[in-house]
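For reference, the structure discussed in these notes is given below.
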Amino acid sequence: MGNIEIKNLTKKFEAGGHEITALNDVNLSIKKGEIYGIIGMSGAGKSTLVRTINYLEIPNEGRVLIDDVDLSKLSEKELRIKRRDIGMIFQGFNLLEQRNVIDNVCFPLEIAGMSRKKARAKARELLETVNLADKEKVYPSQLSGGQKQRVAIARALATNPEILLCDEATSALDPQTTESILSLLKEINEKLDITIVVITHQMSVITDICTRVAIIENGRLVEEGPVEEVFDSPKTDIARELIANKQSTYSPVESLKSNKVIRIVFSENSSFEPVVANLILKFNTPVNIMGADTRNVGGKAKGEMLLGLPDDEDIQRSMIAYLKDRGLSVSEVREGV
C-alpha cells in the first residue's frame with residue numbers, strides 16, 4: 001500500500017474568460033515508502049498536482065492510481081473512503097480554532113464514526129508521536145507555528161493513512177522550526193513506512209529529506225530523478241535556478257565578473273584534493289571563486305562551488321575536462337555574471 005501512479009495528467013481552469021493549463025501531460029511514479037519531492041516556482045502547478053492525488057482537484061485528462069485503484073472510477077462514497085488512506089497537511093495548518101489540540105486530532109476519527117473513548121486514546125498516541133503530549137488541552141491560538149504544524153501532522157495520521165501529502169508544509173516556519181518538522185516527517189516515514197509527497201519551492205527541503213524529486217515548470221514535468229543525481233548534475237535551466245536559489249551565502253560583485261560561470265560539486269573522493277589550487281597551477285591561469293557552500297543531500301555532505309573561468313574558450317574546455325577527470329560534477333550556471 002502507498003504506491004502512486006500519475007498518468008498523462010492534464011488539468012485546466014477557466015479564469016477571466018481564458019483557459020489556463022495548470023498541468024500538462026504529467027507522468028509520475030511514486031513508490032511505497034518514498035519521501036518524494038515535487039518542486040517548482042510559484043504558479044508552476046505543483047499544488048494543483050498534489051491536490052489531484054487525492055482528487056480534491058479532478059483532472060480533465062489522465063489518471064491517478066493509488067495502489068492500482070483508478071480514482072476516476074470511484075463513486076463519491078468510495079472516494080471519501082479512499083481519502084482516509086491519504087492524509088494531508090498544509091502551509092496554513094487548517095486547525096479548528098474553537099477546538100483544543102486533542103479534539104483537533106480526534107476530528108477525522110469522529111467523522112469516521114469512531115467512539116469518543118477510542119478516538120481520544122488514538123489521539124493521545126499520536127500526540128506522543130509528534131512530541132505534544134503535554135499540549136492536549138491547549139488551543140491553537142496558544143501554540144507556536146511549529147507546534148500547530150505538529151498538531152496538523154498528528155491529525156493527518158489519525159486515520160492510519162498509507163500516504164501523507166505535504167503542501168508547502170514548512171513555508172510559514174522559520175529555518176530552525178522547519179528543520180524540526182522535516183526531522184519529524186523523516187522519523188514518521190521510517191517508523192510507519194508511509195509514503196510522503198512533499199510540495200515545496202525550497203530546494204533545501206528537497207535535499208534534506210527527499211529520495212527522489214520531480215521539477216515542475218509551467219505545468220510540465222521537466223526533470224525527475226534521485227535527489228543526489230539532480231543536485232549533482234541538473235539538466236534544465238529551472239533545476240539549476242532552483243539549486244542556485246538556495247545559495248544565499250554568496251553575492252557576486254562587480255570585480256568578479258566572468259563570461260563563463262560553472263558550478264562544481266565535490267564527491268567524497270574529490271573533497272580531499274585541492275582541486276581549484278591544482279587547476280590554477282596546471283593552466284597557469286586564475287579563476288574567480290564566486291561562491292561556495294556545503295549542503296546536506298540525502299544525509300551526505302555535498303560541497304559546491306561557483307567558478308568564473310577565463311575568457312579563452314579553449315582553456316575553458318580544458319579546465320572543465322580537467323575537473324570532470326577528477327570526479328567532480330560540472331554544470332554551466334549561465335553566460336556572464
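Residues are referred to by chain and number: the chain letter is A, B, ... according to the order shown in the C-alpha cells, the number counts from 1 in that chain, and ligands are numbered separately from 1 in the order shown.
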- [ ] With a distance cut-off of 12 Å and only C-alpha atoms, select the neighbouring residues of Val69 in chain A, excluding the residue or stretch itself and same-chain residues fewer than 5 positions from it, and output the selection as a PyMOL selection string.
- [x] chain A and resi 1-6+53-54+63-64+74+78-79+82
Could you pull the residues within 12 Å of Thr170 in chain A, counting only C-alpha atoms, minus those fewer than 3 positions along the same chain, as a PDB file with C-alpha atoms, in the first residue's frame?
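Output file result-v8.pdb is given in full below:
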ATOM      1  CA  ILE A  89      -1.049  18.881   5.749  1.00  0.00           C
ATOM      2  CA  PHE A  90      -0.944  22.491   4.566  1.00  0.00           C
ATOM      3  CA  GLN A  91       1.106  25.668   4.934  1.00  0.00           C
ATOM      4  CA  GLY A  92      -1.734  27.294   6.903  1.00  0.00           C
ATOM      5  CA  PHE A  93      -2.218  24.361   9.334  1.00  0.00           C
ATOM      6  CA  GLY A 145       3.751  27.746  14.254  1.00  0.00           C
ATOM      7  CA  GLY A 146       5.842  24.613  14.650  1.00  0.00           C
ATOM      8  CA  GLN A 147       3.501  23.236  17.324  1.00  0.00           C
ATOM      9  CA  LYS A 148       0.470  23.934  15.133  1.00  0.00           C
ATOM     10  CA  GLN A 149       2.075  22.001  12.290  1.00  0.00           C
ATOM     11  CA  ARG A 150       2.787  19.088  14.640  1.00  0.00           C
ATOM     12  CA  ALA A 152      -1.795  19.075  11.889  1.00  0.00           C
ATOM     13  CA  ILE A 153       0.566  16.139  11.270  1.00  0.00           C
ATOM     14  CA  CYS A 166       2.580  17.930   2.448  1.00  0.00           C
ATOM     15  CA  ASP A 167       1.632  21.087   0.540  1.00  0.00           C
ATOM     16  CA  LEU A 173       8.066  28.379   9.512  1.00  0.00           C
ATOM     17  CA  ASP A 174      11.476  29.725  10.484  1.00  0.00           C
ATOM     18  CA  PRO A 175      14.570  27.677   9.489  1.00  0.00           C
ATOM     19  CA  GLN A 176      15.068  26.019  12.891  1.00  0.00           C
ATOM     20  CA  THR A 177      11.398  25.014  13.153  1.00  0.00           C
ATOM     21  CA  THR A 178      11.455  23.818   9.535  1.00  0.00           C
ATOM     22  CA  GLU A 179      14.382  21.561  10.380  1.00  0.00           C
ATOM     23  CA  SER A 180      12.498  20.041  13.328  1.00  0.00           C
ATOM     24  CA  ILE A 181       9.355  19.424  11.231  1.00  0.00           C
ATOM     25  CA  LEU A 182      11.390  17.790   8.442  1.00  0.00           C
ATOM     26  CA  SER A 183      13.125  15.612  11.022  1.00  0.00           C
ATOM     27  CA  LEU A 184       9.713  14.577  12.355  1.00  0.00           C
ATOM     28  CA  LEU A 185       8.456  13.719   8.865  1.00  0.00           C
ATOM     29  CA  VAL A 198       6.453  16.953  -0.302  1.00  0.00           C
ATOM     30  CA  ILE A 199       5.408  20.016  -2.332  1.00  0.00           C
ATOM     31  CA  THR A 200       7.799  22.933  -1.952  1.00  0.00           C
ATOM     32  CA  HIS A 201       9.631  25.772  -3.659  1.00  0.00           C
ATOM     33  CA  GLN A 202      12.625  25.337  -1.320  1.00  0.00           C
ATOM     34  CA  SER A 204      16.786  22.831   0.962  1.00  0.00           C
ATOM     35  CA  VAL A 205      13.630  20.898   1.912  1.00  0.00           C
ATOM     36  CA  ILE A 206      14.173  18.526  -1.014  1.00  0.00           C
TER      37      ILE A 206
END
Counting only C-alpha atoms, which residues of range 151-245 of chain A sit at most 12 Å from some atom of range 110-118 of chain A, and what is each one's closest atom pair with its distance in Å to one decimal, listed by chain and rising residue number, as a Markdown table?
| residue | atom | partner | partner_atom | distance |
| --- | --- | --- | --- | --- |
| A:Arg155 | CA | A:Glu110 | CA | 11.5 |
| A:Ala158 | CA | A:Ala112 | CA | 10.2 |
| A:Thr159 | CA | A:Ala112 | CA | 8.3 |
| A:Asn160 | CA | A:Ala112 | CA | 11.8 |
Task: Met41 in chain A environment, 9 Å, only C-alpha atoms, sequence neighbours closer than 2 positions dropped, as a list of chain:residue names - done: A:Ile39, A:Gly43, A:Ala44, A:Gly45, A:Lys46, A:Thr200, A:His201, A:Gln202, A:Ile216, A:Glu217, A:Asn218, A:Ile238, A:Leu242
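Of note, CA of Val213 in chain A and CA of Val297 in chain A are spaced 12.0 Å apart.
Counting only C-alpha atoms and comparing A:Leu71, A:Leu164, A:Ala154, A:Val26, the residue that lies closest to Met88 in chain A is A:Leu164.
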Open item on the list: Can you tell me which residues surround range 304-321 of chain A at a distance of at most 8 Å, considering only C-alpha atoms, apart from same-chain residues fewer than 2 positions away, and format the answer as an MDAnalysis selection string?
Closed with: chainID A and resid 256:266 279 283 285:294 302 323:325 330
For the residues in that selection, give me N, CA and C atoms as a PDB file, in the first residue's frame.
ATOM      1  N   LEU A 256      34.133  40.683  -9.758  1.00  0.00           N
ATOM      2  CA  LEU A 256      34.241  39.262 -10.057  1.00  0.00           C
ATOM      3  C   LEU A 256      33.481  38.875 -11.321  1.00  0.00           C
ATOM      4  N   LYS A 257      33.317  39.793 -12.242  1.00  0.00           N
ATOM      5  CA  LYS A 257      32.601  39.477 -13.475  1.00  0.00           C
ATOM      6  C   LYS A 257      33.336  38.412 -14.264  1.00  0.00           C
ATOM      7  N   SER A 258      32.544  37.534 -14.908  1.00  0.00           N
ATOM      8  CA  SER A 258      33.154  36.484 -15.721  1.00  0.00           C
ATOM      9  C   SER A 258      32.204  36.126 -16.845  1.00  0.00           C
ATOM     10  N   ASN A 259      32.764  35.792 -18.005  1.00  0.00           N
ATOM     11  CA  ASN A 259      31.935  35.423 -19.149  1.00  0.00           C
ATOM     12  C   ASN A 259      31.455  33.982 -19.093  1.00  0.00           C
ATOM     13  N   LYS A 260      32.110  33.155 -18.287  1.00  0.00           N
ATOM     14  CA  LYS A 260      31.755  31.735 -18.196  1.00  0.00           C
ATOM     15  C   LYS A 260      31.758  31.324 -16.740  1.00  0.00           C
ATOM     16  N   VAL A 261      30.577  30.969 -16.213  1.00  0.00           N
ATOM     17  CA  VAL A 261      30.468  30.566 -14.812  1.00  0.00           C
ATOM     18  C   VAL A 261      30.010  29.116 -14.759  1.00  0.00           C
ATOM     19  N   ILE A 262      30.743  28.303 -14.013  1.00  0.00           N
ATOM     20  CA  ILE A 262      30.373  26.898 -13.854  1.00  0.00           C
ATOM     21  C   ILE A 262      30.135  26.587 -12.382  1.00  0.00           C
ATOM     22  N   ARG A 263      29.351  25.550 -12.151  1.00  0.00           N
ATOM     23  CA  ARG A 263      29.107  25.045 -10.798  1.00  0.00           C
ATOM     24  C   ARG A 263      29.750  23.668 -10.694  1.00  0.00           C
ATOM     25  N   ILE A 264      30.578  23.474  -9.674  1.00  0.00           N
ATOM     26  CA  ILE A 264      31.189  22.167  -9.466  1.00  0.00           C
ATOM     27  C   ILE A 264      30.699  21.592  -8.143  1.00  0.00           C
ATOM     28  N   VAL A 265      30.476  20.287  -8.125  1.00  0.00           N
ATOM     29  CA  VAL A 265      30.041  19.589  -6.916  1.00  0.00           C
ATOM     30  C   VAL A 265      31.099  18.553  -6.575  1.00  0.00           C
ATOM     31  N   PHE A 266      31.570  18.589  -5.340  1.00  0.00           N
ATOM     32  CA  PHE A 266      32.637  17.696  -4.908  1.00  0.00           C
ATOM     33  C   PHE A 266      32.067  16.357  -4.451  1.00  0.00           C
ATOM     34  N   LEU A 279      44.119  23.251 -10.309  1.00  0.00           N
ATOM     35  CA  LEU A 279      43.632  23.729 -11.605  1.00  0.00           C
ATOM     36  C   LEU A 279      44.378  24.994 -12.025  1.00  0.00           C
ATOM     37  N   PHE A 283      47.099  25.210 -15.336  1.00  0.00           N
ATOM     38  CA  PHE A 283      46.865  26.052 -16.521  1.00  0.00           C
ATOM     39  C   PHE A 283      47.528  27.426 -16.409  1.00  0.00           C
ATOM     40  N   THR A 285      46.625  29.952 -14.991  1.00  0.00           N
ATOM     41  CA  THR A 285      45.590  30.956 -15.277  1.00  0.00           C
ATOM     42  C   THR A 285      44.666  31.060 -14.063  1.00  0.00           C
ATOM     43  N   PRO A 286      44.374  32.252 -13.579  1.00  0.00           N
ATOM     44  CA  PRO A 286      43.498  32.379 -12.407  1.00  0.00           C
ATOM     45  C   PRO A 286      42.029  32.108 -12.753  1.00  0.00           C
ATOM     46  N   VAL A 287      41.279  31.676 -11.772  1.00  0.00           N
ATOM     47  CA  VAL A 287      39.814  31.575 -11.877  1.00  0.00           C
ATOM     48  C   VAL A 287      39.220  32.339 -10.701  1.00  0.00           C
ATOM     49  N   ASN A 288      38.012  32.820 -10.879  1.00  0.00           N
ATOM     50  CA  ASN A 288      37.308  33.529  -9.803  1.00  0.00           C
ATOM     51  C   ASN A 288      36.453  32.554  -9.009  1.00  0.00           C
ATOM     52  N   ILE A 289      36.674  32.476  -7.707  1.00  0.00           N
ATOM     53  CA  ILE A 289      35.774  31.712  -6.836  1.00  0.00           C
ATOM     54  C   ILE A 289      34.629  32.654  -6.461  1.00  0.00           C
ATOM     55  N   MET A 290      33.457  32.388  -7.025  1.00  0.00           N
ATOM     56  CA  MET A 290      32.331  33.329  -6.915  1.00  0.00           C
ATOM     57  C   MET A 290      31.325  32.922  -5.845  1.00  0.00           C
ATOM     58  N   GLY A 291      31.520  31.756  -5.273  1.00  0.00           N
ATOM     59  CA  GLY A 291      30.634  31.310  -4.205  1.00  0.00           C
ATOM     60  C   GLY A 291      30.957  29.891  -3.817  1.00  0.00           C
ATOM     61  N   ALA A 292      30.685  29.527  -2.561  1.00  0.00           N
ATOM     62  CA  ALA A 292      30.922  28.171  -2.090  1.00  0.00           C
ATOM     63  C   ALA A 292      29.927  27.858  -0.987  1.00  0.00           C
ATOM     64  N   ASP A 293      29.583  26.585  -0.875  1.00  0.00           N
ATOM     65  CA  ASP A 293      28.584  26.193   0.107  1.00  0.00           C
ATOM     66  C   ASP A 293      28.725  24.702   0.373  1.00  0.00           C
ATOM     67  N   THR A 294      28.211  24.256   1.505  1.00  0.00           N
ATOM     68  CA  THR A 294      28.115  22.827   1.809  1.00  0.00           C
ATOM     69  C   THR A 294      26.674  22.539   2.187  1.00  0.00           C
ATOM     70  N   LYS A 302      27.568  17.591   0.840  1.00  0.00           N
ATOM     71  CA  LYS A 302      27.954  17.885  -0.540  1.00  0.00           C
ATOM     72  C   LYS A 302      28.545  19.294  -0.609  1.00  0.00           C
ATOM     73  N   LEU A 323      38.468  19.106 -14.529  1.00  0.00           N
ATOM     74  CA  LEU A 323      37.638  18.945 -13.329  1.00  0.00           C
ATOM     75  C   LEU A 323      36.823  17.658 -13.375  1.00  0.00           C
ATOM     76  N   LYS A 324      36.266  17.339 -14.543  1.00  0.00           N
ATOM     77  CA  LYS A 324      35.479  16.108 -14.677  1.00  0.00           C
ATOM     78  C   LYS A 324      36.353  14.882 -14.494  1.00  0.00           C
ATOM     79  N   ASP A 325      37.595  14.940 -14.984  1.00  0.00           N
ATOM     80  CA  ASP A 325      38.523  13.815 -14.835  1.00  0.00           C
ATOM     81  C   ASP A 325      38.834  13.528 -13.370  1.00  0.00           C
ATOM     82  N   VAL A 330      30.233  18.854 -13.084  1.00  0.00           N
ATOM     83  CA  VAL A 330      30.402  20.208 -13.606  1.00  0.00           C
ATOM     84  C   VAL A 330      29.181  20.582 -14.443  1.00  0.00           C
TER      85      VAL A 330
END
Task: Neighbour list for range 187-194 of chain A as a VMD selection string, cut-off 6 Å, only C-alpha atoms, skip fewer than 3 positions in-chain - done: chain A and resid 33 162 to 163 184
Task: All strand (DSSP E or B) positions in range 119-214 of chain A, as a ChimeraX atom specification - done: /A:163-167,195-200,212-214
Open item on the list: Need to verify the contact set: Met203 in chain A, 10 Å, only C-alpha atoms, exclusion of same-chain residues closer than 5 positions in sequence. Can you return it as a list in words?
Closed with: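 So the residues in contact are Gly37, Ile38, Ile39, Gly40, Asp208, Val213, Val227, Phe231, Ala239, Glu241, Leu242, Ile243, Ala244, Asn245, Lys246 and Gln247 of chain A.
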Only all heavy atoms, please: the residues just picked out, written as a short mmCIF file (atom, residue, chain, number, x, y, z; two decimals), in the first residue's frame.
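Result went into selection28.cif, see below:
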data_model
loop_
_atom_site.label_atom_id
_atom_site.label_comp_id
_atom_site.auth_asym_id
_atom_site.auth_seq_id
_atom_site.Cartn_x
_atom_site.Cartn_y
_atom_site.Cartn_z
N GLY A 37 9.79 14.43 -3.48
CA GLY A 37 9.65 15.87 -3.55
C GLY A 37 9.15 16.35 -4.90
O GLY A 37 9.57 15.83 -5.93
N ILE A 38 8.26 17.32 -4.89
CA ILE A 38 7.81 18.00 -6.11
C ILE A 38 8.09 19.48 -5.90
O ILE A 38 7.58 20.10 -4.97
CB ILE A 38 6.32 17.75 -6.38
CG1 ILE A 38 6.06 16.26 -6.59
CG2 ILE A 38 5.85 18.55 -7.60
CD1 ILE A 38 4.59 15.88 -6.70
N ILE A 39 8.93 20.05 -6.77
CA ILE A 39 9.40 21.41 -6.57
C ILE A 39 9.19 22.24 -7.83
O ILE A 39 9.23 21.73 -8.94
CB ILE A 39 10.89 21.43 -6.14
CG1 ILE A 39 11.35 22.84 -5.76
CG2 ILE A 39 11.79 20.83 -7.22
CD1 ILE A 39 12.72 22.88 -5.09
N GLY A 40 8.96 23.52 -7.63
CA GLY A 40 8.80 24.45 -8.74
C GLY A 40 8.60 25.85 -8.19
O GLY A 40 8.37 26.04 -7.00
N ASP A 208 17.15 17.90 2.09
CA ASP A 208 17.19 17.42 3.47
C ASP A 208 16.54 16.05 3.64
O ASP A 208 17.08 15.20 4.36
CB ASP A 208 16.51 18.42 4.42
CG ASP A 208 17.43 19.55 4.83
OD1 ASP A 208 18.61 19.50 4.45
OD2 ASP A 208 16.97 20.47 5.53
N VAL A 213 12.99 13.43 -6.73
CA VAL A 213 12.41 14.75 -6.92
C VAL A 213 11.89 14.90 -8.35
O VAL A 213 12.50 14.37 -9.29
CB VAL A 213 13.43 15.88 -6.60
CG1 VAL A 213 14.64 15.80 -7.51
CG2 VAL A 213 12.79 17.27 -6.67
N VAL A 227 17.40 12.56 -5.90
CA VAL A 227 17.77 13.91 -5.48
C VAL A 227 19.26 14.16 -5.67
O VAL A 227 19.66 15.21 -6.19
CB VAL A 227 17.37 14.14 -4.00
CG1 VAL A 227 17.96 15.45 -3.47
CG2 VAL A 227 15.86 14.16 -3.86
N PHE A 231 20.78 17.06 -8.03
CA PHE A 231 21.60 18.09 -7.37
C PHE A 231 22.98 18.16 -8.01
O PHE A 231 23.50 19.25 -8.29
CB PHE A 231 21.73 17.77 -5.88
CG PHE A 231 22.59 18.76 -5.13
CD1 PHE A 231 22.06 19.95 -4.66
CD2 PHE A 231 23.94 18.50 -4.91
CE1 PHE A 231 22.86 20.86 -3.98
CE2 PHE A 231 24.74 19.41 -4.24
CZ PHE A 231 24.19 20.58 -3.77
N ALA A 239 16.01 23.71 -13.03
CA ALA A 239 16.66 22.94 -11.96
C ALA A 239 17.88 23.69 -11.45
O ALA A 239 18.11 23.80 -10.24
CB ALA A 239 17.05 21.56 -12.47
N GLU A 241 18.37 26.87 -11.59
CA GLU A 241 17.92 28.08 -10.90
C GLU A 241 17.45 27.75 -9.49
O GLU A 241 17.76 28.47 -8.54
CB GLU A 241 16.79 28.74 -11.69
CG GLU A 241 16.35 30.07 -11.13
CD GLU A 241 15.31 30.77 -11.99
OE1 GLU A 241 15.05 30.29 -13.12
OE2 GLU A 241 14.77 31.79 -11.53
N LEU A 242 16.69 26.66 -9.34
CA LEU A 242 16.19 26.27 -8.02
C LEU A 242 17.34 25.91 -7.09
O LEU A 242 17.31 26.24 -5.90
CB LEU A 242 15.22 25.09 -8.15
CG LEU A 242 13.86 25.44 -8.74
CD1 LEU A 242 13.13 24.18 -9.20
CD2 LEU A 242 13.01 26.20 -7.73
N ILE A 243 18.34 25.23 -7.62
CA ILE A 243 19.52 24.90 -6.81
C ILE A 243 20.27 26.17 -6.43
O ILE A 243 20.68 26.35 -5.28
CB ILE A 243 20.43 23.91 -7.56
CG1 ILE A 243 19.75 22.54 -7.65
CG2 ILE A 243 21.78 23.78 -6.88
CD1 ILE A 243 20.43 21.57 -8.59
N ALA A 244 20.44 27.07 -7.38
CA ALA A 244 21.18 28.31 -7.13
C ALA A 244 20.45 29.20 -6.13
O ALA A 244 21.09 29.93 -5.36
CB ALA A 244 21.40 29.07 -8.43
N ASN A 245 19.13 29.15 -6.10
CA ASN A 245 18.36 29.99 -5.18
C ASN A 245 18.66 29.67 -3.73
O ASN A 245 18.47 30.50 -2.86
CB ASN A 245 16.86 29.83 -5.43
CG ASN A 245 16.40 30.68 -6.59
OD1 ASN A 245 17.12 31.54 -7.07
ND2 ASN A 245 15.20 30.43 -7.07
N LYS A 246 19.09 28.44 -3.46
CA LYS A 246 19.47 28.09 -2.09
C LYS A 246 20.78 28.75 -1.70
O LYS A 246 21.11 28.91 -0.53
CB LYS A 246 19.59 26.54 -2.01
CG LYS A 246 20.33 25.98 -0.81
CD LYS A 246 19.60 26.23 0.49
CE LYS A 246 20.23 25.42 1.62
NZ LYS A 246 21.62 25.80 1.91
N GLN A 247 21.54 29.13 -2.71
CA GLN A 247 22.90 29.62 -2.49
C GLN A 247 22.87 31.06 -2.01
O GLN A 247 23.25 31.98 -2.70
CB GLN A 247 23.70 29.52 -3.78
CG GLN A 247 25.18 29.80 -3.60
CD GLN A 247 25.99 28.55 -3.73
OE1 GLN A 247 25.59 27.50 -3.28
NE2 GLN A 247 27.14 28.66 -4.33
#
Task: Proximity to Glu34 in chain A - best of A:Arg99, A:Arg51, A:Arg212, A:Lys73, only C-alpha atoms - done: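 Using only C-alpha atoms, the shortest distance to Glu34 in chain A belongs to A:Arg212.
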Task: Point-to-point distance from CA of Thr48 in chain A to CA of Ser141 in chain A, Å rounded to tenths - done: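 Atom-to-atom, CA of Thr48 in chain A and CA of Ser141 in chain A are spaced 29.0 Å apart.
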Task: Residue nearest Ile209 in chain A among A:Ser171, A:Ser329, A:Asn296, A:Ser144 (counting only C-alpha atoms) - done: A:Asn296
- [ ] Find the residue from A:Val138, A:Ile20, A:Ala123, A:Leu143 that sits nearest to Leu157 in chain A; use only C-alpha atoms when measuring.
- [x]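 Among A:Val138, A:Ile20, A:Ala123, A:Leu143, it is A:Ala123 that comes nearest to Leu157 in chain A.
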Task: Backbone DSSP call of helix (DSSP H, G or I) for range 160-210 of chain A, listed as JSON, numbers by chain - done: {"A": [175, 176, 177, 178, 179, 180, 181, 182, 183, 184, 185, 186, 187, 188, 189, 190, 191, 192, 203, 204, 205, 206, 207, 208, 209]}
Could you write out the selected residues, including C-alpha atoms, as a PDB file, in the first residue's frame?
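In the end it all went to part04.pdb:
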ATOM      1  CA  PRO A 175      14.570  27.677   9.489  1.00  0.00           C
ATOM      2  CA  GLN A 176      15.068  26.019  12.891  1.00  0.00           C
ATOM      3  CA  THR A 177      11.398  25.014  13.153  1.00  0.00           C
ATOM      4  CA  THR A 178      11.455  23.818   9.535  1.00  0.00           C
ATOM      5  CA  GLU A 179      14.382  21.561  10.380  1.00  0.00           C
ATOM      6  CA  SER A 180      12.498  20.041  13.328  1.00  0.00           C
ATOM      7  CA  ILE A 181       9.355  19.424  11.231  1.00  0.00           C
ATOM      8  CA  LEU A 182      11.390  17.790   8.442  1.00  0.00           C
ATOM      9  CA  SER A 183      13.125  15.612  11.022  1.00  0.00           C
ATOM     10  CA  LEU A 184       9.713  14.577  12.355  1.00  0.00           C
ATOM     11  CA  LEU A 185       8.456  13.719   8.865  1.00  0.00           C
ATOM     12  CA  LYS A 186      11.536  11.593   8.245  1.00  0.00           C
ATOM     13  CA  GLU A 187      11.012   9.812  11.560  1.00  0.00           C
ATOM     14  CA  ILE A 188       7.352   9.139  10.697  1.00  0.00           C
ATOM     15  CA  ASN A 189       8.371   7.823   7.280  1.00  0.00           C
ATOM     16  CA  GLU A 190      10.844   5.384   8.807  1.00  0.00           C
ATOM     17  CA  LYS A 191       8.638   4.343  11.713  1.00  0.00           C
ATOM     18  CA  LEU A 192       5.352   3.911   9.827  1.00  0.00           C
ATOM     19  CA  MET A 203      15.462  23.150  -2.603  1.00  0.00           C
ATOM     20  CA  SER A 204      16.786  22.831   0.962  1.00  0.00           C
ATOM     21  CA  VAL A 205      13.630  20.898   1.912  1.00  0.00           C
ATOM     22  CA  ILE A 206      14.173  18.526  -1.014  1.00  0.00           C
ATOM     23  CA  THR A 207      17.847  17.909  -0.258  1.00  0.00           C
ATOM     24  CA  ASP A 208      17.192  17.419   3.473  1.00  0.00           C
ATOM     25  CA  ILE A 209      14.664  14.580   3.365  1.00  0.00           C
TER      26      ILE A 209
END
